[in-house]
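What's in coords-v2.cif: mmCIF, C-alpha atoms and all ligand atoms
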data_input
loop_
_atom_site.group_PDB
_atom_site.id
_atom_site.type_symbol
_atom_site.label_atom_id
_atom_site.label_comp_id
_atom_site.auth_asym_id
_atom_site.auth_seq_id
_atom_site.Cartn_x
_atom_site.Cartn_y
_atom_site.Cartn_z
ATOM 1 C CA MET A 1 27.087 -15.589 -12.801
ATOM 2 C CA SER A 2 25.533 -17.039 -9.663
ATOM 3 C CA ILE A 3 23.212 -15.114 -7.359
ATOM 4 C CA HIS A 4 24.724 -12.551 -4.974
ATOM 5 C CA HIS A 5 21.557 -11.626 -3.043
ATOM 6 C CA ILE A 6 17.785 -11.344 -3.340
ATOM 7 C CA THR A 7 15.907 -8.339 -1.986
ATOM 8 C CA ALA A 8 12.228 -8.397 -1.013
ATOM 9 C CA ILE A 9 9.718 -6.056 0.572
ATOM 10 C CA ALA A 10 8.455 -6.842 4.058
ATOM 11 C CA GLY A 11 5.787 -5.298 6.250
ATOM 12 C CA ASP A 12 6.510 -4.958 9.963
ATOM 13 C CA PRO A 13 10.314 -4.829 10.499
ATOM 14 C CA GLN A 14 10.353 -6.665 13.835
ATOM 15 C CA ARG A 15 8.138 -9.478 12.607
ATOM 16 C CA ASN A 16 10.380 -9.849 9.547
ATOM 17 C CA LEU A 17 13.545 -10.050 11.668
ATOM 18 C CA ASP A 18 12.005 -12.456 14.163
ATOM 19 C CA PHE A 19 10.988 -14.865 11.408
ATOM 20 C CA TYR A 20 14.259 -14.868 9.467
ATOM 21 C CA THR A 21 16.626 -14.822 12.447
ATOM 22 C CA GLY A 22 14.410 -16.999 14.669
ATOM 23 C CA THR A 23 12.439 -19.538 12.679
ATOM 24 C CA LEU A 24 14.851 -19.761 9.738
ATOM 25 C CA GLY A 25 17.949 -19.069 11.826
ATOM 26 C CA LEU A 26 19.771 -16.720 9.452
ATOM 27 C CA ARG A 27 22.272 -14.249 10.811
ATOM 28 C CA LEU A 28 21.393 -10.573 10.633
ATOM 29 C CA VAL A 29 24.635 -9.212 9.178
ATOM 30 C CA LYS A 30 23.693 -5.590 8.555
ATOM 31 C CA VAL A 31 21.093 -3.088 9.671
ATOM 32 C CA THR A 32 21.178 -0.018 7.513
ATOM 33 C CA VAL A 33 18.748 2.133 5.543
ATOM 34 C CA ASN A 34 17.620 2.004 1.946
ATOM 35 C CA PHE A 35 20.266 4.272 0.382
ATOM 36 C CA ASP A 36 17.621 5.666 -1.991
ATOM 37 C CA ASP A 37 15.063 6.189 0.824
ATOM 38 C CA PRO A 38 16.764 6.610 4.243
ATOM 39 C CA GLY A 39 13.422 6.573 6.089
ATOM 40 C CA THR A 40 13.252 2.822 5.390
ATOM 41 C CA TYR A 41 15.421 0.151 6.972
ATOM 42 C CA HIS A 42 17.475 -2.227 4.884
ATOM 43 C CA PHE A 43 18.178 -5.571 6.560
ATOM 44 C CA TYR A 44 20.759 -8.028 5.261
ATOM 45 C CA LEU A 45 20.619 -11.633 6.439
ATOM 46 C CA GLY A 46 22.905 -14.497 5.550
ATOM 47 C CA ASP A 47 25.653 -16.738 6.877
ATOM 48 C CA GLU A 48 28.057 -15.555 9.570
ATOM 49 C CA LEU A 49 29.713 -13.058 7.224
ATOM 50 C CA GLY A 50 26.916 -12.519 4.722
ATOM 51 C CA ARG A 51 28.942 -14.108 1.958
ATOM 52 C CA PRO A 52 27.681 -13.580 -1.594
ATOM 53 C CA GLY A 53 25.128 -16.279 -2.342
ATOM 54 C CA SER A 54 23.918 -16.474 1.245
ATOM 55 C CA ILE A 55 22.229 -13.075 1.363
ATOM 56 C CA LEU A 56 18.557 -12.268 1.596
ATOM 57 C CA THR A 57 17.712 -8.604 2.152
ATOM 58 C CA PHE A 58 14.538 -6.717 3.050
ATOM 59 C CA PHE A 59 13.069 -3.260 2.813
ATOM 60 C CA PRO A 60 10.379 -3.249 5.527
ATOM 61 C CA TRP A 61 7.432 -0.999 4.746
ATOM 62 C CA PRO A 62 5.326 -1.061 7.958
ATOM 63 C CA ARG A 63 2.437 0.737 6.286
ATOM 64 C CA GLY A 64 3.014 -0.645 2.801
ATOM 65 C CA ARG A 65 0.349 -2.253 0.639
ATOM 66 C CA PRO A 66 0.621 -5.949 -0.153
ATOM 67 C CA GLY A 67 1.973 -6.651 -3.627
ATOM 68 C CA ARG A 68 0.470 -9.147 -6.026
ATOM 69 C CA HIS A 69 2.311 -12.283 -7.042
ATOM 70 C CA GLY A 70 2.381 -12.706 -10.797
ATOM 71 C CA THR A 71 4.475 -12.690 -13.932
ATOM 72 C CA GLY A 72 7.373 -10.298 -14.407
ATOM 73 C CA GLN A 73 8.552 -11.121 -10.890
ATOM 74 C CA VAL A 74 10.760 -13.449 -8.943
ATOM 75 C CA GLY A 75 7.845 -15.530 -7.690
ATOM 76 C CA ALA A 76 9.712 -17.725 -5.230
ATOM 77 C CA VAL A 77 12.957 -17.527 -3.261
ATOM 78 C CA SER A 78 14.651 -20.852 -2.547
ATOM 79 C CA LEU A 79 16.979 -21.537 0.359
ATOM 80 C CA ALA A 80 19.336 -24.495 0.478
ATOM 81 C CA ILE A 81 19.392 -26.997 3.337
ATOM 82 C CA PRO A 82 21.404 -30.219 3.607
ATOM 83 C CA PRO A 83 19.747 -33.309 2.071
ATOM 84 C CA ALA A 84 19.435 -35.020 5.477
ATOM 85 C CA SER A 85 17.733 -32.001 7.093
ATOM 86 C CA LEU A 86 14.325 -32.275 5.479
ATOM 87 C CA GLY A 87 12.757 -34.068 8.472
ATOM 88 C CA PHE A 88 14.215 -31.548 10.902
ATOM 89 C CA TRP A 89 12.706 -28.653 8.930
ATOM 90 C CA LEU A 90 9.324 -30.309 8.540
ATOM 91 C CA GLU A 91 9.151 -30.708 12.289
ATOM 92 C CA ARG A 92 10.438 -27.193 12.964
ATOM 93 C CA LEU A 93 7.849 -25.598 10.680
ATOM 94 C CA LEU A 94 5.086 -27.706 12.243
ATOM 95 C CA SER A 95 6.129 -26.917 15.808
ATOM 96 C CA GLN A 96 6.342 -23.182 15.044
ATOM 97 C CA GLY A 97 2.990 -23.151 13.289
ATOM 98 C CA VAL A 98 4.417 -22.148 9.897
ATOM 99 C CA LYS A 99 2.110 -23.216 7.068
ATOM 100 C CA HIS A 100 3.899 -25.245 4.459
ATOM 101 C CA GLU A 101 3.337 -27.677 1.628
ATOM 102 C CA GLY A 102 5.278 -30.675 0.456
ATOM 103 C CA PRO A 103 7.796 -32.040 0.311
ATOM 104 C CA THR A 104 7.508 -32.435 -3.428
ATOM 105 C CA ARG A 105 10.128 -33.700 -5.820
ATOM 106 C CA ARG A 106 11.685 -31.314 -8.332
ATOM 107 C CA PHE A 107 14.645 -32.124 -10.558
ATOM 108 C CA GLY A 108 15.394 -35.031 -8.223
ATOM 109 C CA GLU A 109 15.444 -32.970 -5.018
ATOM 110 C CA GLN A 110 12.911 -32.522 -2.202
ATOM 111 C CA VAL A 111 11.296 -29.087 -1.894
ATOM 112 C CA LEU A 112 9.257 -27.674 1.015
ATOM 113 C CA GLU A 113 7.139 -24.630 0.177
ATOM 114 C CA LEU A 114 6.182 -22.048 2.766
ATOM 115 C CA GLY A 115 5.223 -18.415 3.114
ATOM 116 C CA ASP A 116 6.976 -15.830 5.271
ATOM 117 C CA PRO A 117 4.798 -13.655 7.574
ATOM 118 C CA ASP A 118 4.156 -11.227 4.696
ATOM 119 C CA GLY A 119 3.253 -13.906 2.166
ATOM 120 C CA LEU A 120 6.581 -14.011 0.325
ATOM 121 C CA LEU A 121 6.856 -17.463 -1.245
ATOM 122 C CA LEU A 122 9.849 -19.373 0.088
ATOM 123 C CA GLU A 123 11.184 -22.829 -0.594
ATOM 124 C CA LEU A 124 13.571 -24.997 1.359
ATOM 125 C CA VAL A 125 15.418 -27.258 -1.051
ATOM 126 C CA ALA A 126 17.201 -30.292 0.382
ATOM 127 C CA SER A 127 20.205 -30.311 -1.871
ATOM 128 C CA ARG A 128 23.596 -31.905 -2.237
ATOM 129 C CA ARG A 129 24.780 -28.574 -3.621
ATOM 130 C CA VAL A 130 25.455 -27.490 -0.031
ATOM 131 C CA SER A 131 28.143 -30.101 0.562
ATOM 132 C CA GLY A 132 31.233 -28.039 1.213
ATOM 133 C CA VAL A 133 29.259 -24.936 2.258
ATOM 134 C CA GLY A 134 29.730 -24.409 5.980
ATOM 135 C CA PRO A 135 26.889 -23.381 8.308
ATOM 136 C CA TRP A 136 26.776 -20.442 10.699
ATOM 137 C CA GLU A 137 27.729 -22.271 13.888
ATOM 138 C CA GLU A 138 26.135 -19.919 16.412
ATOM 139 C CA GLY A 139 22.593 -19.603 15.137
ATOM 140 C CA PRO A 140 19.427 -20.867 16.821
ATOM 141 C CA VAL A 141 19.184 -23.790 14.378
ATOM 142 C CA PRO A 142 21.600 -26.699 15.047
ATOM 143 C CA ALA A 143 24.534 -26.147 12.678
ATOM 144 C CA GLU A 144 24.119 -29.498 10.883
ATOM 145 C CA HIS A 145 20.611 -28.454 9.759
ATOM 146 C CA ALA A 146 21.154 -24.716 9.250
ATOM 147 C CA VAL A 147 20.152 -22.957 6.035
ATOM 148 C CA ARG A 148 23.371 -22.660 4.033
ATOM 149 C CA GLY A 149 22.298 -19.802 1.815
ATOM 150 C CA LEU A 150 20.259 -19.215 -1.282
ATOM 151 C CA TYR A 151 19.518 -22.137 -3.520
ATOM 152 C CA GLY A 152 18.124 -19.945 -6.261
ATOM 153 C CA ALA A 153 15.208 -17.968 -7.607
ATOM 154 C CA THR A 154 12.170 -18.733 -9.729
ATOM 155 C CA ILE A 155 11.191 -16.104 -12.272
ATOM 156 C CA TRP A 156 7.595 -16.116 -13.463
ATOM 157 C CA GLU A 157 7.219 -15.097 -17.069
ATOM 158 C CA ASP A 158 4.206 -14.730 -19.359
ATOM 159 C CA GLY A 159 5.232 -16.786 -22.376
ATOM 160 C CA ASP A 160 8.654 -16.158 -23.856
ATOM 161 C CA LYS A 161 9.645 -12.554 -23.333
ATOM 162 C CA GLY A 162 13.344 -13.094 -23.893
ATOM 163 C CA THR A 163 14.491 -13.808 -20.339
ATOM 164 C CA ALA A 164 15.926 -17.214 -21.264
ATOM 165 C CA GLY A 165 18.060 -15.642 -23.983
ATOM 166 C CA LEU A 166 19.421 -12.999 -21.637
ATOM 167 C CA LEU A 167 20.173 -15.529 -18.876
ATOM 168 C CA GLN A 168 22.289 -17.505 -21.307
ATOM 169 C CA ALA A 169 23.932 -14.869 -23.448
ATOM 170 C CA THR A 170 24.648 -12.159 -20.870
ATOM 171 C CA MET A 171 24.302 -13.671 -17.389
ATOM 172 C CA GLY A 172 26.380 -16.723 -18.266
ATOM 173 C CA LEU A 173 23.856 -19.347 -17.151
ATOM 174 C CA ARG A 174 23.271 -22.571 -19.028
ATOM 175 C CA PRO A 175 19.987 -24.424 -19.517
ATOM 176 C CA VAL A 176 20.132 -27.784 -17.768
ATOM 177 C CA GLY A 177 16.615 -29.173 -17.977
ATOM 178 C CA GLU A 178 12.899 -28.768 -18.187
ATOM 179 C CA GLU A 179 10.135 -30.041 -15.887
ATOM 180 C CA GLY A 180 6.566 -29.068 -16.714
ATOM 181 C CA ASN A 181 6.576 -25.341 -17.435
ATOM 182 C CA ARG A 182 9.817 -24.896 -15.508
ATOM 183 C CA LEU A 183 13.088 -24.298 -17.352
ATOM 184 C CA ARG A 184 16.180 -24.643 -15.230
ATOM 185 C CA PHE A 185 19.372 -22.617 -15.619
ATOM 186 C CA GLU A 186 22.573 -23.011 -13.672
ATOM 187 C CA SER A 187 25.698 -20.959 -13.254
ATOM 188 C CA ALA A 188 29.060 -22.523 -13.945
ATOM 189 C CA SER A 189 30.149 -22.242 -10.298
ATOM 190 C CA GLU A 190 29.241 -24.739 -7.584
ATOM 191 C CA GLY A 191 27.609 -24.235 -4.211
ATOM 192 C CA ILE A 192 24.874 -21.804 -3.233
ATOM 193 C CA GLY A 193 22.891 -19.352 -5.343
ATOM 194 C CA THR A 194 23.515 -21.233 -8.563
ATOM 195 C CA VAL A 195 19.987 -21.998 -9.821
ATOM 196 C CA VAL A 196 17.549 -19.813 -11.746
ATOM 197 C CA ASP A 197 14.255 -21.372 -12.769
ATOM 198 C CA LEU A 198 12.058 -19.781 -15.378
ATOM 199 C CA ARG A 199 8.393 -20.688 -14.969
ATOM 200 C CA ARG A 200 6.530 -19.891 -18.121
ATOM 201 C CA THR A 201 2.813 -19.408 -17.770
ATOM 202 C CA GLN A 202 0.645 -18.051 -20.529
ATOM 203 C CA GLY A 203 -2.032 -15.542 -19.578
ATOM 204 C CA PHE A 204 -1.289 -15.553 -15.834
ATOM 205 C CA TRP A 205 -1.824 -12.104 -14.308
ATOM 206 C CA SER A 206 1.158 -9.821 -14.014
ATOM 207 C CA GLY A 207 2.636 -9.148 -10.620
ATOM 208 C CA SER A 208 2.854 -5.796 -8.901
ATOM 209 C CA GLY A 209 5.373 -4.716 -6.311
ATOM 210 C CA GLY A 210 4.550 -4.335 -2.633
ATOM 211 C CA VAL A 211 4.798 -6.089 0.712
ATOM 212 C CA GLY A 212 5.469 -9.802 0.344
ATOM 213 C CA THR A 213 7.081 -9.610 -3.107
ATOM 214 C CA VAL A 214 10.642 -9.714 -4.395
ATOM 215 C CA HIS A 215 12.080 -6.336 -5.324
ATOM 216 C CA HIS A 216 15.099 -7.530 -7.286
ATOM 217 C CA VAL A 217 17.647 -10.277 -7.714
ATOM 218 C CA ALA A 218 21.362 -9.508 -7.759
ATOM 219 C CA PHE A 219 23.948 -11.540 -9.608
ATOM 220 C CA ARG A 220 27.515 -11.847 -8.504
ATOM 221 C CA SER A 221 30.422 -10.232 -10.298
ATOM 222 C CA GLN A 222 33.903 -11.302 -9.259
ATOM 223 C CA SER A 223 35.500 -8.014 -10.245
ATOM 224 C CA ASP A 224 34.776 -4.431 -11.208
ATOM 225 C CA GLN A 225 36.106 -5.187 -14.681
ATOM 226 C CA GLU A 226 33.641 -8.012 -15.171
ATOM 227 C CA GLN A 227 30.833 -5.735 -13.996
ATOM 228 C CA LEU A 228 31.845 -3.026 -16.471
ATOM 229 C CA ALA A 229 32.032 -5.545 -19.300
ATOM 230 C CA ARG A 230 28.486 -6.761 -18.518
ATOM 231 C CA ARG A 231 27.353 -3.163 -18.282
ATOM 232 C CA GLU A 232 28.648 -2.388 -21.746
ATOM 233 C CA GLU A 233 26.987 -5.497 -23.118
ATOM 234 C CA LEU A 234 23.634 -4.566 -21.523
ATOM 235 C CA GLU A 235 23.870 -1.055 -22.858
ATOM 236 C CA GLY A 236 24.439 -2.505 -26.304
ATOM 237 C CA LEU A 237 21.223 -4.473 -25.907
ATOM 238 C CA GLY A 238 19.381 -1.239 -25.140
ATOM 239 C CA LEU A 239 18.334 -2.437 -21.663
ATOM 240 C CA GLY A 240 18.746 0.891 -19.860
ATOM 241 C CA VAL A 241 21.360 -0.002 -17.285
ATOM 242 C CA THR A 242 22.271 2.378 -14.428
ATOM 243 C CA PRO A 243 25.776 3.722 -13.808
ATOM 244 C CA VAL A 244 27.847 1.861 -11.203
ATOM 245 C CA LEU A 245 26.438 2.779 -7.772
ATOM 246 C CA ASP A 246 28.363 2.532 -4.509
ATOM 247 C CA ARG A 247 26.269 0.404 -2.122
ATOM 248 C CA GLN A 248 28.923 0.540 0.630
ATOM 249 C CA TYR A 249 29.156 -3.290 0.869
ATOM 250 C CA PHE A 250 29.378 -3.828 -2.901
ATOM 251 C CA ARG A 251 29.141 -1.848 -6.128
ATOM 252 C CA SER A 252 26.029 -2.317 -8.246
ATOM 253 C CA ILE A 253 24.400 -1.779 -11.590
ATOM 254 C CA TYR A 254 20.672 -2.299 -12.197
ATOM 255 C CA PHE A 255 18.547 -2.985 -15.233
ATOM 256 C CA ARG A 256 15.235 -4.602 -16.102
ATOM 257 C CA GLU A 257 15.439 -7.917 -17.916
ATOM 258 C CA PRO A 258 13.091 -8.337 -20.912
ATOM 259 C CA GLY A 259 10.444 -10.127 -18.796
ATOM 260 C CA GLY A 260 10.231 -7.164 -16.401
ATOM 261 C CA VAL A 261 12.238 -8.360 -13.374
ATOM 262 C CA LEU A 262 14.704 -5.894 -11.879
ATOM 263 C CA PHE A 263 18.204 -7.401 -12.060
ATOM 264 C CA GLU A 264 21.319 -6.141 -10.317
ATOM 265 C CA ILE A 265 24.935 -7.083 -10.829
ATOM 266 C CA ALA A 266 26.867 -6.645 -7.579
ATOM 267 C CA THR A 267 30.576 -7.022 -6.845
ATOM 268 C CA GLU A 268 31.795 -9.489 -4.227
ATOM 269 C CA ALA A 269 33.954 -6.823 -2.584
ATOM 270 C CA PRO A 270 34.215 -5.189 -0.113
ATOM 271 C CA GLY A 271 31.625 -7.107 1.946
ATOM 272 C CA PHE A 272 29.916 -6.432 5.274
ATOM 273 C CA ALA A 273 32.951 -6.178 7.544
ATOM 274 C CA VAL A 274 33.831 -2.813 5.995
ATOM 275 C CA ASP A 275 32.159 -0.788 8.782
ATOM 276 C CA GLU A 276 31.910 -3.196 11.738
ATOM 277 C CA SER A 277 33.868 -6.221 12.899
ATOM 278 C CA PRO A 278 32.705 -9.732 11.925
ATOM 279 C CA ALA A 279 31.689 -10.406 15.550
ATOM 280 C CA GLU A 280 29.567 -7.257 15.688
ATOM 281 C CA LEU A 281 27.812 -7.538 12.344
ATOM 282 C CA GLY A 282 24.199 -6.446 12.512
ATOM 283 C CA THR A 283 24.260 -5.214 16.091
ATOM 284 C CA ARG A 284 23.793 -1.511 15.417
ATOM 285 C CA LEU A 285 22.414 0.759 12.706
ATOM 286 C CA GLN A 286 25.100 1.484 10.105
ATOM 287 C CA LEU A 287 24.836 4.469 7.798
ATOM 288 C CA PRO A 288 26.855 5.241 4.677
ATOM 289 C CA PRO A 289 29.038 8.384 4.759
ATOM 290 C CA MET A 290 26.405 10.475 2.960
ATOM 291 C CA TYR A 291 23.927 9.997 5.842
ATOM 292 C CA GLN A 292 26.330 10.201 8.799
ATOM 293 C CA ALA A 293 25.514 13.854 9.454
ATOM 294 C CA SER A 294 21.795 13.128 9.733
ATOM 295 C CA ARG A 295 22.121 10.039 11.960
ATOM 296 C CA GLU A 296 20.023 11.450 14.802
ATOM 297 C CA GLN A 297 17.185 12.478 12.511
ATOM 298 C CA ILE A 298 17.250 9.144 10.674
ATOM 299 C CA GLU A 299 17.281 7.146 13.928
ATOM 300 C CA GLN A 300 14.252 9.046 15.184
ATOM 301 C CA SER A 301 12.284 8.443 12.004
ATOM 302 C CA LEU A 302 12.853 4.655 12.020
ATOM 303 C CA PRO A 303 10.696 2.288 14.087
ATOM 304 C CA PRO A 304 12.488 0.889 17.174
ATOM 305 C CA LEU A 305 13.904 -2.637 16.870
ATOM 306 C CA ARG A 306 15.034 -5.490 19.049
ATOM 307 C CA LEU A 307 18.143 -6.818 17.316
ATOM 308 C CA PRO A 308 18.787 -10.541 17.846
ATOM 309 C CA LEU A 309 22.531 -10.492 18.559
ATOM 310 C CA ALA A 310 22.455 -7.379 20.681
ATOM 311 C CA ALA A 311 19.710 -8.951 22.772
ATOM 312 C CA ALA A 312 21.632 -12.196 23.138
ATOM 313 C CA ARG A 313 24.758 -10.366 24.252
ATOM 314 C CA GLU A 314 22.922 -8.309 26.825
ATOM 315 C CA GLY A 315 20.900 -11.262 28.072
HETATM 316 ZN ZN ZN B 1 20.351 -5.396 -4.275
#
Give the structure from the file, written as structure tokens.
Amino acid sequence: MSIHHITAIAGDPQRNLDFYTGTLGLRLVKVTVNFDDPGTYHFYLGDELGRPGSILTFFPWPRGRPGRHGTGQVGAVSLAIPPASLGFWLERLLSQGVKHEGPTRRFGEQVLELGDPDGLLLELVASRRVSGVGPWEEGPVPAEHAVRGLYGATIWEDGDKGTAGLLQATMGLRPVGEEGNRLRFESASEGIGTVVDLRRTQGFWSGSGGVGTVHHVAFRSQSDQEQLARREELEGLGLGVTPVLDRQYFRSIYFREPGGVLFEIATEAPGFAVDESPAELGTRLQLPPMYQASREQIEQSLPPLRLPLAAAREG
């Protein structure tokens, strides 16, 4: 299974949106609330439709405490850019005053490391894997250089807790190499969201959730049947998997992998155009049916936002 989306915790919602839609040039494809906590926004960013594999999502906690990066977490989120776009991105980060390191070489590819405004560790990987993955043509970044989607995720693990075994046996990833303390796994499919690195460090402190950390990583199930089959398998392993939950834009199950990271398996269907047209994605707060009746109350409790597309259309 390749990656469907990665969800992280942000601080100030506006600052989060400005960075990801402005500096990184992703499209905001959905503004909704955390279905388990409707007083918190849930932003989805990705390509023009928010296709599986392109999606990065955030729960902004304006008054939240910073988390601590450490083991038992997805320590870094990697985004894929075209191989020839490295120079463009170096210059863009410099001109926008975004601190970064690199490029460094990893498994034969160039990697730029940076932090988002809340300290979430991001990487831009210049990769041939994006050949054949189209850009969002109308973003602020010239289409030829635009972020194509997720490259992958790096899980930090204290020693060998069993994550590697689960990635292979249940998640359908195969080990493809080792560099330093980094084990690389790949899904069978091509394109974006296909890489999971496992960084094994012994005795490194354990992470704790909070602003600037990843909340969970979701893998991509092509059908409800496949999701149910995985669910049964996980239950058999005694991993405490949730029932199938309706997330409006996909159906999900959640469980904690043996190293402590929250995993989700999400269906590809129905996608983000289920409650607004592709042209209007992300231009207005969308609520699932269960919260429709309390729209006014929910709107009043959420901090006001300037949405990028709405602003562009008005301006
Ligand atoms: Zn999720």
**atom CA of Gly165 of chain A to atom CA of Leu150 of chain A, distance in Å rounded to a single decimal** = 23.1 Å
Give me the result of the PyMOL selection byres (((not hetatm)) within 9 of (chain B and resi 1)) on this file, residue by residue, as an mmCIF file with C-alpha atoms, in the coordinates of the input.
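What landed in out_29.cif:
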data_model
loop_
_atom_site.group_PDB
_atom_site.id
_atom_site.type_symbol
_atom_site.label_atom_id
_atom_site.label_comp_id
_atom_site.auth_asym_id
_atom_site.auth_seq_id
_atom_site.Cartn_x
_atom_site.Cartn_y
_atom_site.Cartn_z
ATOM 1 C CA HIS A 4 24.724 -12.551 -4.974
ATOM 2 C CA HIS A 5 21.557 -11.626 -3.043
ATOM 3 C CA ILE A 6 17.785 -11.344 -3.340
ATOM 4 C CA THR A 7 15.907 -8.339 -1.986
ATOM 5 C CA THR A 57 17.712 -8.604 2.152
ATOM 6 C CA HIS A 215 12.080 -6.336 -5.324
ATOM 7 C CA HIS A 216 15.099 -7.530 -7.286
ATOM 8 C CA VAL A 217 17.647 -10.277 -7.714
ATOM 9 C CA ALA A 218 21.362 -9.508 -7.759
ATOM 10 C CA PHE A 219 23.948 -11.540 -9.608
ATOM 11 C CA ARG A 247 26.269 0.404 -2.122
ATOM 12 C CA SER A 252 26.029 -2.317 -8.246
ATOM 13 C CA TYR A 254 20.672 -2.299 -12.197
ATOM 14 C CA PHE A 263 18.204 -7.401 -12.060
ATOM 15 C CA GLU A 264 21.319 -6.141 -10.317
ATOM 16 C CA ILE A 265 24.935 -7.083 -10.829
ATOM 17 C CA ALA A 266 26.867 -6.645 -7.579
#
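Distance check against Gly162 of chain A using all atoms listed in the file: of A:Pro258, A:Trp136, A:Glu144, A:Ala126, the minimum falls on A:Pro258.
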**Prompt:** Which is closest to Pro82 of chain A among A:Tyr151, A:Phe19, A:Phe58, A:Phe43, if we use all atoms listed in the file?
**Reply:** A:Tyr151
**Message:** Since I can't run it myself right now, could you work out what the PyMOL selection byres (((chain A and resi 213) around 10) and not hetatm) selects here and report it as a list in words?
**Reply:** Thr7, Ala8, Ile9, Ala10, Pro66, Gly67, Arg68, His69, Gly70, Gln73, Val74, Gly75, Ala76, Val77, Asp118, Gly119, Leu120, Leu121, Gly207, Ser208, Gly209, Gly210, Val211, Gly212, Val214, His215 and His216 of chain A
Next, the residues of the selection above should be written as a PDB file, in the frame of the given file with C-alpha atoms.
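Below is the file that was written, part10.pdb:
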ATOM      1  CA  THR A   7      15.907  -8.339  -1.986  1.00  0.00           C
ATOM      2  CA  ALA A   8      12.228  -8.397  -1.013  1.00  0.00           C
ATOM      3  CA  ILE A   9       9.718  -6.056   0.572  1.00  0.00           C
ATOM      4  CA  ALA A  10       8.455  -6.842   4.058  1.00  0.00           C
ATOM      5  CA  PRO A  66       0.621  -5.949  -0.153  1.00  0.00           C
ATOM      6  CA  GLY A  67       1.973  -6.651  -3.627  1.00  0.00           C
ATOM      7  CA  ARG A  68       0.470  -9.147  -6.026  1.00  0.00           C
ATOM      8  CA  HIS A  69       2.311 -12.283  -7.042  1.00  0.00           C
ATOM      9  CA  GLY A  70       2.381 -12.706 -10.797  1.00  0.00           C
ATOM     10  CA  GLN A  73       8.552 -11.121 -10.890  1.00  0.00           C
ATOM     11  CA  VAL A  74      10.760 -13.449  -8.943  1.00  0.00           C
ATOM     12  CA  GLY A  75       7.845 -15.530  -7.690  1.00  0.00           C
ATOM     13  CA  ALA A  76       9.712 -17.725  -5.230  1.00  0.00           C
ATOM     14  CA  VAL A  77      12.957 -17.527  -3.261  1.00  0.00           C
ATOM     15  CA  ASP A 118       4.156 -11.227   4.696  1.00  0.00           C
ATOM     16  CA  GLY A 119       3.253 -13.906   2.166  1.00  0.00           C
ATOM     17  CA  LEU A 120       6.581 -14.011   0.325  1.00  0.00           C
ATOM     18  CA  LEU A 121       6.856 -17.463  -1.245  1.00  0.00           C
ATOM     19  CA  GLY A 207       2.636  -9.148 -10.620  1.00  0.00           C
ATOM     20  CA  SER A 208       2.854  -5.796  -8.901  1.00  0.00           C
ATOM     21  CA  GLY A 209       5.373  -4.716  -6.311  1.00  0.00           C
ATOM     22  CA  GLY A 210       4.550  -4.335  -2.633  1.00  0.00           C
ATOM     23  CA  VAL A 211       4.798  -6.089   0.712  1.00  0.00           C
ATOM     24  CA  GLY A 212       5.469  -9.802   0.344  1.00  0.00           C
ATOM     25  CA  VAL A 214      10.642  -9.714  -4.395  1.00  0.00           C
ATOM     26  CA  HIS A 215      12.080  -6.336  -5.324  1.00  0.00           C
ATOM     27  CA  HIS A 216      15.099  -7.530  -7.286  1.00  0.00           C
TER      28      HIS A 216
END
**Asked** Which one of A:Gly132, A:Gly46, A:Pro13, A:Pro278 sits closest to Arg27 of chain A if you count only C-alpha atoms?
**Response**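 The shortest atom-to-atom distance to Arg27 of chain A comes from A:Gly46.
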**Message:** With all atoms listed in the file as the counted atoms, please give the residues lying no more than 9 Å from segment 220-231 of chain A, apart from itself and same-chain residues fewer than 6 positions off, as number ranges by chain.
**Reply:** A: 1-5, 52-53, 170-171, 241-244, 251-253, 264-269
**Asked** Which residues match the PyMOL selection byres (((chain A and resi 173) around 6) and not hetatm) in the file above, as a ChimeraX atom specification?
**Response** /A:167-168,171-172,174,185-187
**Asked** Within 8 Å of Val147 of chain A, counting all atoms listed in the file, which residues qualify if same-chain residues fewer than 5 places away don't, as a ChimeraX atom specification?
**Response** /A:24-26,79-82,135
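Residue nearest Pro308 of chain A within the list A:Arg106, A:Arg284, A:Arg51, A:Arg200: A:Arg284 [criterion: smallest interatomic distance, all atoms listed in the file].
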**Message:** From the options A:Gln286, A:Asn181, A:Thr23, A:Gln292, which residue's atoms come nearest to Ser95 of chain A, counting only C-alpha atoms?
**Reply:** A:Thr23
Can I get segment 132-138 of chain A with N, CA and C atoms filled in, as a tab-separated table (two decimals), in the coordinates of the input?
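result.tsv written:
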chain	number	residue	atom	x	y	z
A	132	GLY	N	30.10	-28.94	1.35
A	132	GLY	CA	31.23	-28.04	1.21
A	132	GLY	C	30.91	-26.60	1.57
A	133	VAL	N	29.63	-26.28	1.82
A	133	VAL	CA	29.26	-24.94	2.26
A	133	VAL	C	29.00	-25.00	3.76
A	134	GLY	N	29.83	-24.32	4.52
A	134	GLY	CA	29.73	-24.41	5.98
A	134	GLY	C	28.54	-23.64	6.53
A	135	PRO	N	28.00	-24.08	7.67
A	135	PRO	CA	26.89	-23.38	8.31
A	135	PRO	C	27.40	-22.26	9.22
A	136	TRP	N	26.49	-21.37	9.60
A	136	TRP	CA	26.78	-20.44	10.70
A	136	TRP	C	26.62	-21.25	11.98
A	137	GLU	N	27.71	-21.35	12.75
A	137	GLU	CA	27.73	-22.27	13.89
A	137	GLU	C	26.94	-21.77	15.09
A	138	GLU	N	26.70	-20.45	15.17
A	138	GLU	CA	26.14	-19.92	16.41
A	138	GLU	C	24.68	-19.51	16.31
